[in-house]
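Written out below as structure tokens is the structure these notes cover.
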Amino acid sequence: MSTAVVGVAGALLGVLTGGLLQHLLAARTRRWQRQDALGQVKQAVYAEYLRAISASYGQAMAGERSRVEDARLHAATAEIEVLAGREVAGPARELTSTVIDVHTKIAEGAGVEAATVAAVDRRRLEVIKLFKRDLGLGAEA
């Protein structure tokens with residue numbers, strides 16, 4: 001009788017242990033999948049943000065300001081604020097304001113100094129480093 005009880009108890013313990021381990025592995029897999037999906041969404045938003053800056057600069061240099069790229073830049077900035085932490089969203093928001101201001105002046109022919117344009121580009125490169133770090137790609141430029 002005691003052997004049967006030990007056998008049944010052992011079988012039940014094995015089932016419970018296996019179920020617990022399976023649950024833990026499934027939870028870990030779901031967490032990894034969420035992190036991967038978030039990384040993919042961030043990567044797309046960061047790319048759209050940088051594309052909008054480049055397109056805005058192209059419009060400014062051509063003397064055109066349709067504001068379409070400004071709207072895309074604001075939209076991407078809003079998504080960054082939702083998806084990323086303050087250390088990424090803050091500098092991105094500040095860069096957005098600066099880019100729009102400088103590109104507007106360039107398009108108006110207001111005589112923006114080359115040093116100002118270079119400073120904005122340096123800030124853009126710093127934000128790219130933040131994006132890479134946030135995506136786990138390292139901070140090399």
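Ordering of the structure tokens sets the chain letters (A, B, ...), residue numbers begin anew at 1 in every chain, and ligands are numbered from 1 in the order given.
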>> With only C-alpha atoms as the counted atoms, please give the residues lying no more than 9 Å from region 80-82 of chain A, apart from itself and same-chain residues fewer than 2 positions off, as a PyMOL selection string.
In response: chain A and resi 42+45-46+49+75-78+84-86+88-90+92-93
>> as an MDAnalysis selection string, please: the residues near Ile53 (chain A) (cut-off 8 Å, only C-alpha atoms, same-chain neighbours under 2 positions excluded).
In response: chainID A and resid 49:51 55:57 69 73 99
Save out the residues we just selected, C-alpha atoms, as a PDB file, in the first residue's frame.
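Wrote part_10.pdb, looks like this:
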```pdb
ATOM      1  CA  TYR A  49      11.427  60.103 -37.708  1.00  0.00           C
ATOM      2  CA  LEU A  50      14.850  60.319 -39.364  1.00  0.00           C
ATOM      3  CA  ARG A  51      13.335  60.087 -42.847  1.00  0.00           C
ATOM      4  CA  ALA A  55      12.802  65.130 -46.252  1.00  0.00           C
ATOM      5  CA  SER A  56      12.123  68.333 -44.323  1.00  0.00           C
ATOM      6  CA  TYR A  57      15.702  69.457 -44.940  1.00  0.00           C
ATOM      7  CA  GLU A  69       7.105  66.445 -43.401  1.00  0.00           C
ATOM      8  CA  LEU A  73       7.928  64.475 -37.863  1.00  0.00           C
ATOM      9  CA  VAL A  99      14.628  71.083 -36.894  1.00  0.00           C
TER      10      VAL A  99
END
```
> Which residue, A:Leu13, A:Ala107, A:Val8, A:Val112, has the smallest gap to Gln59 (chain A) when you use only C-alpha atoms?
Replying inline: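 Smallest distance to Gln59 (chain A) is found for A:Ala107.
Minimum atom-to-atom distance to Ile100 (chain A), evaluated using only C-alpha atoms, belongs to A:Val68 out of A:Ala44, A:Val5, A:Val15, A:Val68.
Note that CA of Asp134 (chain A) and CA of Val120 (chain A) are 21.0 Å apart.
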>> Rounded to one decimal, what separation in Å do you get between CA of Gly39 (chain A) and CA of Glu79 (chain A)?
In response: 13.0 Å
> Can you tell me how far CA of Gly58 (chain A) sits from CA of Val41 (chain A), in Å to one decimal?
Replying inline: 25.7 Å
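Residues lying within 12 Å of Ala110 (chain A), counting only C-alpha atoms and ignoring same-chain neighbours fewer than 6 positions away, are A:Ala60, A:Met61, A:Gly63, A:Asp101, A:Val102, A:His103, A:Thr104.
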Please write the residues from the selection above to a file, keeping all heavy atoms, as a PDB file, in the first residue's frame.
```
ATOM      1  N   ALA A  60      13.338  72.298 -47.348  1.00  0.00           N
ATOM      2  CA  ALA A  60      13.849  73.612 -46.939  1.00  0.00           C
ATOM      3  C   ALA A  60      14.891  74.119 -47.928  1.00  0.00           C
ATOM      4  O   ALA A  60      14.867  75.290 -48.323  1.00  0.00           O
ATOM      5  CB  ALA A  60      14.438  73.533 -45.533  1.00  0.00           C
ATOM      6  N   MET A  61      15.786  73.231 -48.330  1.00  0.00           N
ATOM      7  CA  MET A  61      16.842  73.637 -49.277  1.00  0.00           C
ATOM      8  C   MET A  61      16.251  74.019 -50.630  1.00  0.00           C
ATOM      9  O   MET A  61      16.798  74.862 -51.333  1.00  0.00           O
ATOM     10  CB  MET A  61      17.875  72.519 -49.435  1.00  0.00           C
ATOM     11  CG  MET A  61      18.692  72.277 -48.180  1.00  0.00           C
ATOM     12  SD  MET A  61      19.569  73.739 -47.584  1.00  0.00           S
ATOM     13  CE  MET A  61      20.796  73.925 -48.875  1.00  0.00           C
ATOM     14  N   GLY A  63      13.441  75.506 -50.886  1.00  0.00           N
ATOM     15  CA  GLY A  63      12.582  76.658 -50.647  1.00  0.00           C
ATOM     16  C   GLY A  63      11.115  76.302 -50.560  1.00  0.00           C
ATOM     17  O   GLY A  63      10.255  77.171 -50.658  1.00  0.00           O
ATOM     18  N   ASP A 101      12.153  74.695 -36.721  1.00  0.00           N
ATOM     19  CA  ASP A 101      12.519  76.117 -36.685  1.00  0.00           C
ATOM     20  C   ASP A 101      13.612  76.435 -37.701  1.00  0.00           C
ATOM     21  O   ASP A 101      13.491  77.370 -38.500  1.00  0.00           O
ATOM     22  CB  ASP A 101      12.972  76.493 -35.269  1.00  0.00           C
ATOM     23  CG  ASP A 101      13.326  77.955 -35.151  1.00  0.00           C
ATOM     24  OD1 ASP A 101      12.508  78.802 -35.565  1.00  0.00           O
ATOM     25  OD2 ASP A 101      14.422  78.259 -34.634  1.00  0.00           O
ATOM     26  N   VAL A 102      14.684  75.658 -37.691  1.00  0.00           N
ATOM     27  CA  VAL A 102      15.812  75.912 -38.596  1.00  0.00           C
ATOM     28  C   VAL A 102      15.413  75.680 -40.049  1.00  0.00           C
ATOM     29  O   VAL A 102      15.751  76.482 -40.934  1.00  0.00           O
ATOM     30  CB  VAL A 102      17.040  75.060 -38.197  1.00  0.00           C
ATOM     31  CG1 VAL A 102      18.130  75.128 -39.246  1.00  0.00           C
ATOM     32  CG2 VAL A 102      17.569  75.506 -36.842  1.00  0.00           C
ATOM     33  N   HIS A 103      14.671  74.623 -40.325  1.00  0.00           N
ATOM     34  CA  HIS A 103      14.267  74.344 -41.703  1.00  0.00           C
ATOM     35  C   HIS A 103      13.311  75.418 -42.235  1.00  0.00           C
ATOM     36  O   HIS A 103      13.366  75.772 -43.413  1.00  0.00           O
ATOM     37  CB  HIS A 103      13.651  72.960 -41.822  1.00  0.00           C
ATOM     38  CG  HIS A 103      14.653  71.852 -41.647  1.00  0.00           C
ATOM     39  ND1 HIS A 103      14.309  70.536 -41.713  1.00  0.00           N
ATOM     40  CD2 HIS A 103      15.988  71.875 -41.403  1.00  0.00           C
ATOM     41  CE1 HIS A 103      15.395  69.792 -41.517  1.00  0.00           C
ATOM     42  NE2 HIS A 103      16.415  70.581 -41.320  1.00  0.00           N
ATOM     43  N   THR A 104      12.484  75.953 -41.364  1.00  0.00           N
ATOM     44  CA  THR A 104      11.598  77.052 -41.773  1.00  0.00           C
ATOM     45  C   THR A 104      12.424  78.269 -42.161  1.00  0.00           C
ATOM     46  O   THR A 104      12.165  78.913 -43.188  1.00  0.00           O
ATOM     47  CB  THR A 104      10.606  77.402 -40.641  1.00  0.00           C
ATOM     48  OG1 THR A 104       9.815  76.248 -40.362  1.00  0.00           O
ATOM     49  CG2 THR A 104       9.709  78.561 -41.034  1.00  0.00           C
TER      50      THR A 104
END
```
